[in-house]
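As provided, work-v3.cif (mmCIF, C-alpha atoms, pLDDT in the B column; chains and numbers go by the auth columns) reads as follows.
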data_upload
loop_
_atom_site.group_PDB
_atom_site.id
_atom_site.type_symbol
_atom_site.label_atom_id
_atom_site.label_comp_id
_atom_site.label_asym_id
_atom_site.label_seq_id
_atom_site.Cartn_x
_atom_site.Cartn_y
_atom_site.Cartn_z
_atom_site.B_iso_or_equiv
_atom_site.auth_seq_id
_atom_site.auth_asym_id
ATOM 1 C CA MET A 1 132.381 57.864 139.321 49.00 1322 A
ATOM 2 C CA PRO A 2 129.161 59.913 138.852 45.00 1323 A
ATOM 3 C CA PRO A 3 125.821 58.224 139.289 50.00 1324 A
ATOM 4 C CA PRO A 4 124.519 56.711 136.010 50.00 1325 A
ATOM 5 C CA ASP A 5 121.567 59.114 135.813 52.00 1326 A
ATOM 6 C CA VAL A 6 123.698 62.305 135.803 44.00 1327 A
ATOM 7 C CA PRO A 7 123.700 62.644 131.969 46.00 1328 A
ATOM 8 C CA HIS A 8 119.924 62.387 131.971 48.00 1329 A
ATOM 9 C CA ARG A 9 119.688 65.073 134.651 52.00 1330 A
ATOM 10 C CA LEU A 10 122.009 67.345 132.678 41.00 1331 A
ATOM 11 C CA ALA A 11 119.948 66.836 129.535 45.00 1332 A
ATOM 12 C CA ALA A 12 116.761 67.616 131.445 47.00 1333 A
ATOM 13 C CA CYS A 13 118.294 70.803 132.866 44.00 1334 A
ATOM 14 C CA LEU A 14 119.459 71.922 129.419 39.00 1335 A
ATOM 15 C CA LEU A 15 116.020 71.315 127.939 43.00 1336 A
ATOM 16 C CA ALA A 16 114.359 73.270 130.752 46.00 1337 A
ATOM 17 C CA THR A 17 116.771 76.185 130.215 43.00 1338 A
ATOM 18 C CA LEU A 18 116.075 76.297 126.476 40.00 1339 A
ATOM 19 C CA LEU A 19 112.314 76.190 127.003 42.00 1340 A
ATOM 20 C CA SER A 20 112.548 78.997 129.557 44.00 1341 A
ATOM 21 C CA ALA A 21 114.587 81.152 127.149 41.00 1342 A
ATOM 22 C CA CYS A 22 112.078 80.598 124.356 38.00 1343 A
ATOM 23 C CA ALA A 23 109.196 81.524 126.628 40.00 1344 A
ATOM 24 C CA ALA A 24 110.974 84.730 127.641 39.00 1345 A
ATOM 25 C CA ALA A 25 111.873 85.770 124.091 37.00 1346 A
ATOM 26 C CA PRO A 26 110.005 88.967 123.166 43.00 1347 A
ATOM 27 C CA GLY A 27 107.435 88.792 120.392 42.00 1348 A
ATOM 28 C CA PRO A 28 105.198 91.378 118.766 44.00 1349 A
ATOM 29 C CA PRO A 29 103.127 93.380 121.260 49.00 1350 A
ATOM 30 C CA ALA A 30 99.805 91.764 122.060 52.00 1351 A
ATOM 31 C CA GLY A 31 97.041 93.329 120.023 56.00 1352 A
ATOM 32 C CA ALA A 32 99.441 95.255 117.759 58.00 1353 A
ATOM 33 C CA PRO A 33 97.869 95.761 114.319 71.00 1354 A
ATOM 34 C CA SER A 34 99.551 94.150 111.342 92.00 1355 A
ATOM 35 C CA CYS A 35 101.054 96.351 108.657 93.00 1356 A
ATOM 36 C CA ALA A 36 98.248 95.455 106.250 93.00 1357 A
ATOM 37 C CA ALA A 37 95.620 96.229 108.883 94.00 1358 A
ATOM 38 C CA GLU A 38 97.181 99.636 109.507 94.00 1359 A
ATOM 39 C CA LEU A 39 97.229 100.395 105.782 95.00 1360 A
ATOM 40 C CA THR A 40 93.533 99.540 105.590 94.00 1361 A
ATOM 41 C CA ALA A 41 92.736 101.674 108.634 93.00 1362 A
ATOM 42 C CA ARG A 42 94.484 104.639 106.984 91.00 1363 A
ATOM 43 C CA GLY A 43 92.374 104.325 103.842 91.00 1364 A
ATOM 44 C CA ALA A 44 94.807 102.616 101.477 96.00 1365 A
ATOM 45 C CA ILE A 45 93.560 100.358 98.696 97.00 1366 A
ATOM 46 C CA PHE A 46 96.057 97.602 97.949 97.00 1367 A
ATOM 47 C CA GLU A 47 96.701 93.932 97.324 96.00 1368 A
ATOM 48 C CA PRO A 48 99.465 91.759 98.808 95.00 1369 A
ATOM 49 C CA VAL A 49 102.412 90.794 96.619 94.00 1370 A
ATOM 50 C CA ALA A 50 103.984 87.338 96.847 94.00 1371 A
ATOM 51 C CA ASP A 51 107.518 87.241 98.281 94.00 1372 A
ATOM 52 C CA ARG A 52 110.170 86.693 95.652 90.00 1373 A
ATOM 53 C CA GLU A 53 113.857 87.101 94.934 91.00 1374 A
ATOM 54 C CA GLY A 54 115.474 88.583 91.864 87.00 1375 A
ATOM 55 C CA PRO A 55 119.018 88.800 90.519 87.00 1376 A
ATOM 56 C CA ASN A 56 121.886 90.578 92.295 84.00 1377 A
ATOM 57 C CA GLY A 57 120.222 90.594 95.703 90.00 1378 A
ATOM 58 C CA CYS A 58 116.861 92.058 94.721 94.00 1379 A
ATOM 59 C CA ARG A 59 113.992 90.727 96.797 93.00 1380 A
ATOM 60 C CA LEU A 60 110.456 91.464 97.878 92.00 1381 A
ATOM 61 C CA SER A 61 109.154 90.493 101.293 93.00 1382 A
ATOM 62 C CA ASP A 62 105.899 91.501 102.984 95.00 1383 A
ATOM 63 C CA SER A 63 105.084 93.791 100.077 96.00 1384 A
ATOM 64 C CA VAL A 64 101.950 95.354 98.653 97.00 1385 A
ATOM 65 C CA ARG A 65 100.770 96.885 95.407 97.00 1386 A
ATOM 66 C CA ILE A 66 98.930 100.090 96.283 97.00 1387 A
ATOM 67 C CA THR A 67 96.405 101.605 93.891 97.00 1388 A
ATOM 68 C CA ARG A 68 95.453 104.340 96.370 96.00 1389 A
ATOM 69 C CA SER A 69 97.273 105.509 99.473 95.00 1390 A
ATOM 70 C CA SER A 70 95.550 108.007 101.780 93.00 1391 A
ATOM 71 C CA VAL A 71 95.012 110.029 98.574 95.00 1392 A
ATOM 72 C CA ALA A 72 94.847 109.118 94.891 97.00 1393 A
ATOM 73 C CA LEU A 73 98.000 107.977 93.086 98.00 1394 A
ATOM 74 C CA ASP A 74 98.656 108.689 89.429 97.00 1395 A
ATOM 75 C CA GLN A 75 99.663 105.014 89.030 97.00 1396 A
ATOM 76 C CA PRO A 76 99.899 101.964 91.301 98.00 1397 A
ATOM 77 C CA VAL A 77 103.107 101.522 93.288 98.00 1398 A
ATOM 78 C CA GLN A 78 104.695 98.365 94.667 97.00 1399 A
ATOM 79 C CA LEU A 79 106.462 98.730 98.010 97.00 1400 A
ATOM 80 C CA ASN A 80 107.524 96.861 101.090 96.00 1401 A
ATOM 81 C CA CYS A 81 104.582 97.217 103.474 97.00 1402 A
ATOM 82 C CA ALA A 82 106.662 99.204 105.973 97.00 1403 A
ATOM 83 C CA ALA A 83 107.689 101.653 103.231 97.00 1404 A
ATOM 84 C CA ALA A 84 104.035 101.957 102.211 97.00 1405 A
ATOM 85 C CA LEU A 85 103.137 102.924 105.780 97.00 1406 A
ATOM 86 C CA HIS A 86 105.862 105.571 105.761 97.00 1407 A
ATOM 87 C CA LEU A 87 104.370 106.987 102.558 97.00 1408 A
ATOM 88 C CA LEU A 88 100.926 107.277 104.177 97.00 1409 A
ATOM 89 C CA ARG A 89 102.381 108.926 107.271 97.00 1410 A
ATOM 90 C CA PHE A 90 104.242 111.351 105.013 98.00 1411 A
ATOM 91 C CA GLU A 91 100.967 112.262 103.327 97.00 1412 A
ATOM 92 C CA GLU A 92 99.107 112.695 106.612 97.00 1413 A
ATOM 93 C CA GLN A 93 101.773 114.371 108.738 97.00 1414 A
ATOM 94 C CA VAL A 94 103.665 116.426 106.138 98.00 1415 A
ATOM 95 C CA LEU A 95 101.866 116.826 102.806 98.00 1416 A
ATOM 96 C CA GLN A 96 98.348 117.637 103.960 98.00 1417 A
ATOM 97 C CA PRO A 97 99.351 120.189 106.629 98.00 1418 A
ATOM 98 C CA ALA A 98 101.746 121.876 104.174 98.00 1419 A
ATOM 99 C CA ALA A 99 99.039 122.049 101.497 98.00 1420 A
ATOM 100 C CA GLN A 100 96.680 123.719 103.958 98.00 1421 A
ATOM 101 C CA ARG A 101 99.318 126.237 105.054 97.00 1422 A
ATOM 102 C CA HIS A 102 100.413 127.254 101.564 97.00 1423 A
ATOM 103 C CA PHE A 103 97.203 126.869 99.555 98.00 1424 A
ATOM 104 C CA GLY A 104 94.309 126.599 102.014 97.00 1425 A
ATOM 105 C CA GLN A 105 93.173 123.269 100.564 97.00 1426 A
ATOM 106 C CA ARG A 106 93.866 119.564 100.668 97.00 1427 A
ATOM 107 C CA LEU A 107 96.192 117.528 98.528 97.00 1428 A
ATOM 108 C CA SER A 108 94.268 115.183 96.229 97.00 1429 A
ATOM 109 C CA ARG A 109 96.932 113.190 94.355 98.00 1430 A
ATOM 110 C CA VAL A 110 100.551 112.075 94.574 98.00 1431 A
ATOM 111 C CA ARG A 111 102.500 111.619 91.342 98.00 1432 A
ATOM 112 C CA HIS A 112 105.471 109.269 91.376 98.00 1433 A
ATOM 113 C CA PHE A 113 108.027 107.500 89.169 97.00 1434 A
ATOM 114 C CA GLY A 114 107.754 104.123 90.898 96.00 1435 A
ATOM 115 C CA GLY A 115 108.671 102.016 93.902 97.00 1436 A
ATOM 116 C CA TYR A 116 110.111 98.502 93.546 96.00 1437 A
ATOM 117 C CA SER A 117 112.583 98.125 90.690 94.00 1438 A
ATOM 118 C CA CYS A 118 115.337 95.490 90.592 94.00 1439 A
ATOM 119 C CA ARG A 119 118.342 97.651 89.773 90.00 1440 A
ATOM 120 C CA ALA A 120 121.573 99.110 91.066 88.00 1441 A
ATOM 121 C CA ARG A 121 121.941 102.630 92.373 87.00 1442 A
ATOM 122 C CA ALA A 122 122.149 105.252 89.652 78.00 1443 A
ATOM 123 C CA ASP A 123 125.361 106.677 91.146 78.00 1444 A
ATOM 124 C CA ASN A 124 127.031 103.357 92.014 77.00 1445 A
ATOM 125 C CA ALA A 125 126.463 100.322 89.804 79.00 1446 A
ATOM 126 C CA ARG A 126 128.052 98.013 92.403 81.00 1447 A
ATOM 127 C CA ARG A 127 125.464 98.735 95.076 89.00 1448 A
ATOM 128 C CA LEU A 128 121.846 97.615 95.081 94.00 1449 A
ATOM 129 C CA SER A 129 119.300 100.422 95.075 95.00 1450 A
ATOM 130 C CA GLU A 130 116.762 100.468 97.899 96.00 1451 A
ATOM 131 C CA HIS A 131 114.244 100.264 95.063 97.00 1452 A
ATOM 132 C CA GLY A 132 115.481 96.682 94.626 96.00 1453 A
ATOM 133 C CA LEU A 133 114.127 95.856 98.097 96.00 1454 A
ATOM 134 C CA GLY A 134 110.864 97.764 97.748 96.00 1455 A
ATOM 135 C CA ASN A 135 112.087 100.276 100.349 97.00 1456 A
ATOM 136 C CA ALA A 136 111.989 103.396 98.164 98.00 1457 A
ATOM 137 C CA VAL A 137 109.608 105.554 96.170 98.00 1458 A
ATOM 138 C CA ASP A 138 110.403 108.428 93.806 98.00 1459 A
ATOM 139 C CA VAL A 139 107.853 111.214 94.259 98.00 1460 A
ATOM 140 C CA ALA A 140 107.576 113.592 91.317 98.00 1461 A
ATOM 141 C CA GLY A 141 104.691 115.927 92.145 98.00 1462 A
ATOM 142 C CA PHE A 142 101.322 116.630 93.669 98.00 1463 A
ATOM 143 C CA ASP A 143 97.811 117.732 92.720 98.00 1464 A
ATOM 144 C CA LEU A 144 95.681 119.974 94.920 98.00 1465 A
ATOM 145 C CA ALA A 145 91.929 119.633 95.339 97.00 1466 A
ATOM 146 C CA ASP A 146 91.289 122.461 92.839 97.00 1467 A
ATOM 147 C CA GLY A 147 93.423 120.764 90.182 96.00 1468 A
ATOM 148 C CA THR A 148 96.581 122.822 90.709 96.00 1469 A
ATOM 149 C CA GLN A 149 99.656 120.756 89.874 97.00 1470 A
ATOM 150 C CA ILE A 150 102.999 121.070 91.628 98.00 1471 A
ATOM 151 C CA THR A 151 106.025 119.249 90.239 98.00 1472 A
ATOM 152 C CA VAL A 152 109.545 118.932 91.572 98.00 1473 A
ATOM 153 C CA ALA A 153 111.006 119.415 88.089 98.00 1474 A
ATOM 154 C CA ARG A 154 109.232 122.744 87.427 97.00 1475 A
ATOM 155 C CA HIS A 155 108.685 124.323 90.819 98.00 1476 A
ATOM 156 C CA TRP A 156 111.524 123.315 93.175 97.00 1477 A
ATOM 157 C CA ARG A 157 113.294 126.649 92.745 95.00 1478 A
ATOM 158 C CA GLU A 158 110.199 128.756 92.108 94.00 1479 A
ATOM 159 C CA PRO A 159 110.048 131.733 94.520 94.00 1480 A
ATOM 160 C CA GLY A 160 106.267 131.506 94.967 94.00 1481 A
ATOM 161 C CA PRO A 161 104.061 129.256 97.119 96.00 1482 A
ATOM 162 C CA ARG A 162 104.665 126.110 95.073 97.00 1483 A
ATOM 163 C CA GLY A 163 108.406 126.322 95.620 97.00 1484 A
ATOM 164 C CA ALA A 164 107.926 127.051 99.321 97.00 1485 A
ATOM 165 C CA PHE A 165 105.580 124.069 99.576 98.00 1486 A
ATOM 166 C CA LEU A 166 108.140 121.729 97.992 98.00 1487 A
ATOM 167 C CA GLN A 167 110.933 122.990 100.247 97.00 1488 A
ATOM 168 C CA GLU A 168 108.789 122.414 103.340 98.00 1489 A
ATOM 169 C CA VAL A 169 107.694 118.997 102.113 98.00 1490 A
ATOM 170 C CA ALA A 170 111.312 117.930 101.579 98.00 1491 A
ATOM 171 C CA ARG A 171 112.273 118.996 105.094 98.00 1492 A
ATOM 172 C CA GLY A 172 109.257 117.201 106.519 98.00 1493 A
ATOM 173 C CA ALA A 173 110.099 114.022 104.613 98.00 1494 A
ATOM 174 C CA CYS A 174 113.338 113.809 106.588 98.00 1495 A
ATOM 175 C CA SER A 175 111.330 113.239 109.764 97.00 1496 A
ATOM 176 C CA ILE A 176 109.522 110.266 108.180 97.00 1497 A
ATOM 177 C CA PHE A 177 112.050 108.576 105.883 98.00 1498 A
ATOM 178 C CA HIS A 178 115.652 107.569 106.529 97.00 1499 A
ATOM 179 C CA LEU A 179 117.043 108.989 103.309 97.00 1500 A
ATOM 180 C CA VAL A 180 115.697 111.942 101.322 98.00 1501 A
ATOM 181 C CA LEU A 181 117.319 113.003 98.050 97.00 1502 A
ATOM 182 C CA THR A 182 116.138 116.108 96.179 98.00 1503 A
ATOM 183 C CA PRO A 183 117.285 118.378 93.313 97.00 1504 A
ATOM 184 C CA ARG A 184 119.766 119.716 95.864 96.00 1505 A
ATOM 185 C CA THR A 185 121.512 116.307 95.830 96.00 1506 A
ATOM 186 C CA ASP A 186 122.526 116.090 92.176 94.00 1507 A
ATOM 187 C CA ALA A 187 121.214 116.258 88.616 94.00 1508 A
ATOM 188 C CA LEU A 188 119.922 112.675 88.875 92.00 1509 A
ATOM 189 C CA HIS A 189 117.233 113.934 91.271 95.00 1510 A
ATOM 190 C CA ARG A 190 116.310 117.177 89.544 96.00 1511 A
ATOM 191 C CA SER A 191 112.791 115.881 88.819 97.00 1512 A
ATOM 192 C CA HIS A 192 111.823 114.018 91.993 98.00 1513 A
ATOM 193 C CA PHE A 193 112.310 113.268 95.668 98.00 1514 A
ATOM 194 C CA HIS A 194 113.855 109.877 96.402 98.00 1515 A
ATOM 195 C CA LEU A 195 112.408 108.674 99.716 98.00 1516 A
ATOM 196 C CA ASP A 196 113.524 105.434 101.337 98.00 1517 A
ATOM 197 C CA ILE A 197 113.666 103.528 104.634 97.00 1518 A
ATOM 198 C CA GLY A 198 116.994 101.783 104.033 95.00 1519 A
ATOM 199 C CA ARG A 199 119.932 101.622 106.420 92.00 1520 A
ATOM 200 C CA TRP A 200 121.603 104.833 105.245 92.00 1521 A
ATOM 201 C CA ARG A 201 120.528 108.186 106.674 95.00 1522 A
ATOM 202 C CA ARG A 202 120.758 111.426 104.769 96.00 1523 A
ATOM 203 C CA CYS A 203 118.609 114.547 104.453 97.00 1524 A
ATOM 204 C CA ASP A 204 119.186 116.715 101.383 97.00 1525 A
ATOM 205 C CA ALA A 205 116.376 119.150 102.076 93.00 1526 A
#
Kindly present the structure from the file in structure tokens form.
Amino acid sequence: MPPPDVPHRLAACLLATLLSACAAAPGPPAGAPSCAAELTARGAIFEPVADREGPNGCRLSDSVRITRSSVALDQPVQLNCAAALHLLRFEEQVLQPAAQRHFGQRLSRVRHFGGYSCRARADNARRLSEHGLGNAVDVAGFDLADGTQITVARHWREPGPRGAFLQEVARGACSIFHLVLTPRTDALHRSHFHLDIGRWRRCDA
């Protein structure tokens, strides 16, 4: 027969093991900036959005409403904070260098059709759009510092510098976002780039 204190010893050992595992569990890197702090550091103007759930699986978590990214926006956009950071990186790493190469000036404004929207995919009504999670933004066009406007709808196939700029921008977006849909995808995207950070990967540049 085991000594009467064996169950207590086993319980103590189990508790010690669990505490050790918790202590060893990885957490966020020490000193790592929060998403909101990184947005602020990159020049975005925004306000946090309360978490909420909608019908059919729609939900918002850790989201922001941006009135200005690293450049002006033609209207505010509501996105998951991680998606908002991807948008700013896209502007800094893809849009601005491409604008300098093709036009010798900076980009001043991004025009878009929206971010968060609780809805199904346009091509599959049974699947939730990444817009329903705040993971996607539909970019429609751009303004240069001198007021020149470039739109996906009008200039995607143009043989001049505006068309070349849009083609380069689409290719560059694939290095920032998980999924990039363009007028090359289908008629549903003839007027904009769909950019998202969802689980599916595709580059239609």
Looking at only C-alpha atoms, which of A:Gln1414, A:Ser1391, A:Ser1355, A:Ser1438 is the one that sits closest to Pro1376 in chain A?
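Going through A:Gln1414, A:Ser1391, A:Ser1355, A:Ser1438 one by one, the smallest distance to Pro1376 in chain A is for A:Ser1438.
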Mind running range 1402-1475 of chain A against range 1486-1498 of chain A at 7 Å and telling me each contacting residue's nearest atom pair with the distance in Å (one decimal), counting all atoms listed in the file, chain and number ascending, as a tab-separated table?
residue	atom	partner	partner_atom	distance
A:His1407	CA	A:Ile1497	CA	6.4
A:Phe1411	CA	A:Ile1497	CA	6.3
A:Val1415	CA	A:Gly1493	CA	5.7
A:Leu1416	CA	A:Val1490	CA	6.3
A:Ala1419	CA	A:Phe1486	CA	6.4
A:His1423	CA	A:Phe1486	CA	6.4
Using only C-alpha atoms, the shortest atom-to-atom distance to Gly1425 in chain A among A:Pro1397, A:Pro1504, A:Gly1378, A:Pro1482 belongs to A:Pro1482
Enter the distance from CA of Leu1400 in chain A to CA of Gly1364 in chain A, in Å, rounded to one decimal.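 Going from CA of Leu1400 in chain A over to CA of Gly1364 in chain A covers 16.2 Å.
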(Q) I'd like to know which of A:Ala1441, A:Leu1465, A:Leu1381, A:Ala1358 is closest to Ala1393 in chain A, using all atoms listed in the file. (A)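 The closest residue to Ala1393 in chain A is A:Leu1465.
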One residue among A:Phe1367, A:Ala1420, A:Asp1507, A:His1433 is nearest to Ala1485 in chain A when using all atoms listed in the file, and that residue is A:Ala1420
I'd like the interatomic distance between CA of Arg1523 in chain A and CA of Thr1503 in chain A, to a tenth of an Å.
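Separating CA of Arg1523 in chain A from CA of Thr1503 in chain A is a distance of 10.8 Å.
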- Message: Quick check, in Å to one decimal: how far apart do CA of Gly1484 in chain A and CA of Arg1389 in chain A lie?
- Response: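 CA of Arg1389 in chain A lies 25.5 Å from CA of Gly1484 in chain A.
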Using only C-alpha atoms, the residue out of A:Leu1500, A:Ser1512, A:Arg1422, A:Arg1410 with shortest distance to Val1460 in chain A is A:Ser1512
Next on the checklist: Take the PyMOL selection byres ((chain A and resi 1521) around 12), run it mentally on this structure, and tell me the resulting residues as a ChimeraX atom specification.
Outcome noted: /A:1450-1451,1456,1498-1502,1516-1520,1522-1524
I need the output of the PyMOL selection byres ((chain A and resi 1380) around 12) for this file as a list in words; which residues are they?
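What the PyMOL selection byres ((chain A and resi 1380) around 12) grabs from the file is Val1370, Ala1371, Asp1372, Arg1373, Glu1374, Gly1375, Pro1376, Asn1377, Gly1378, Cys1379, Leu1381, Ser1382, Asp1383, Ser1384, Leu1400, Asn1401, Tyr1437, Ser1438, Cys1439, Arg1440, Leu1449, Ser1450, Glu1451, His1452, Gly1453, Leu1454, Gly1455 and Asn1456 of chain A.
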Next item on the list: Carefully work through the PyMOL selection byres ((chain A and resi 1513) around 7) for this structure and note down the residues it includes, as a PyMOL selection string.
Entry: chain A and resi 1459-1461+1473-1474+1503+1510-1512+1514-1515
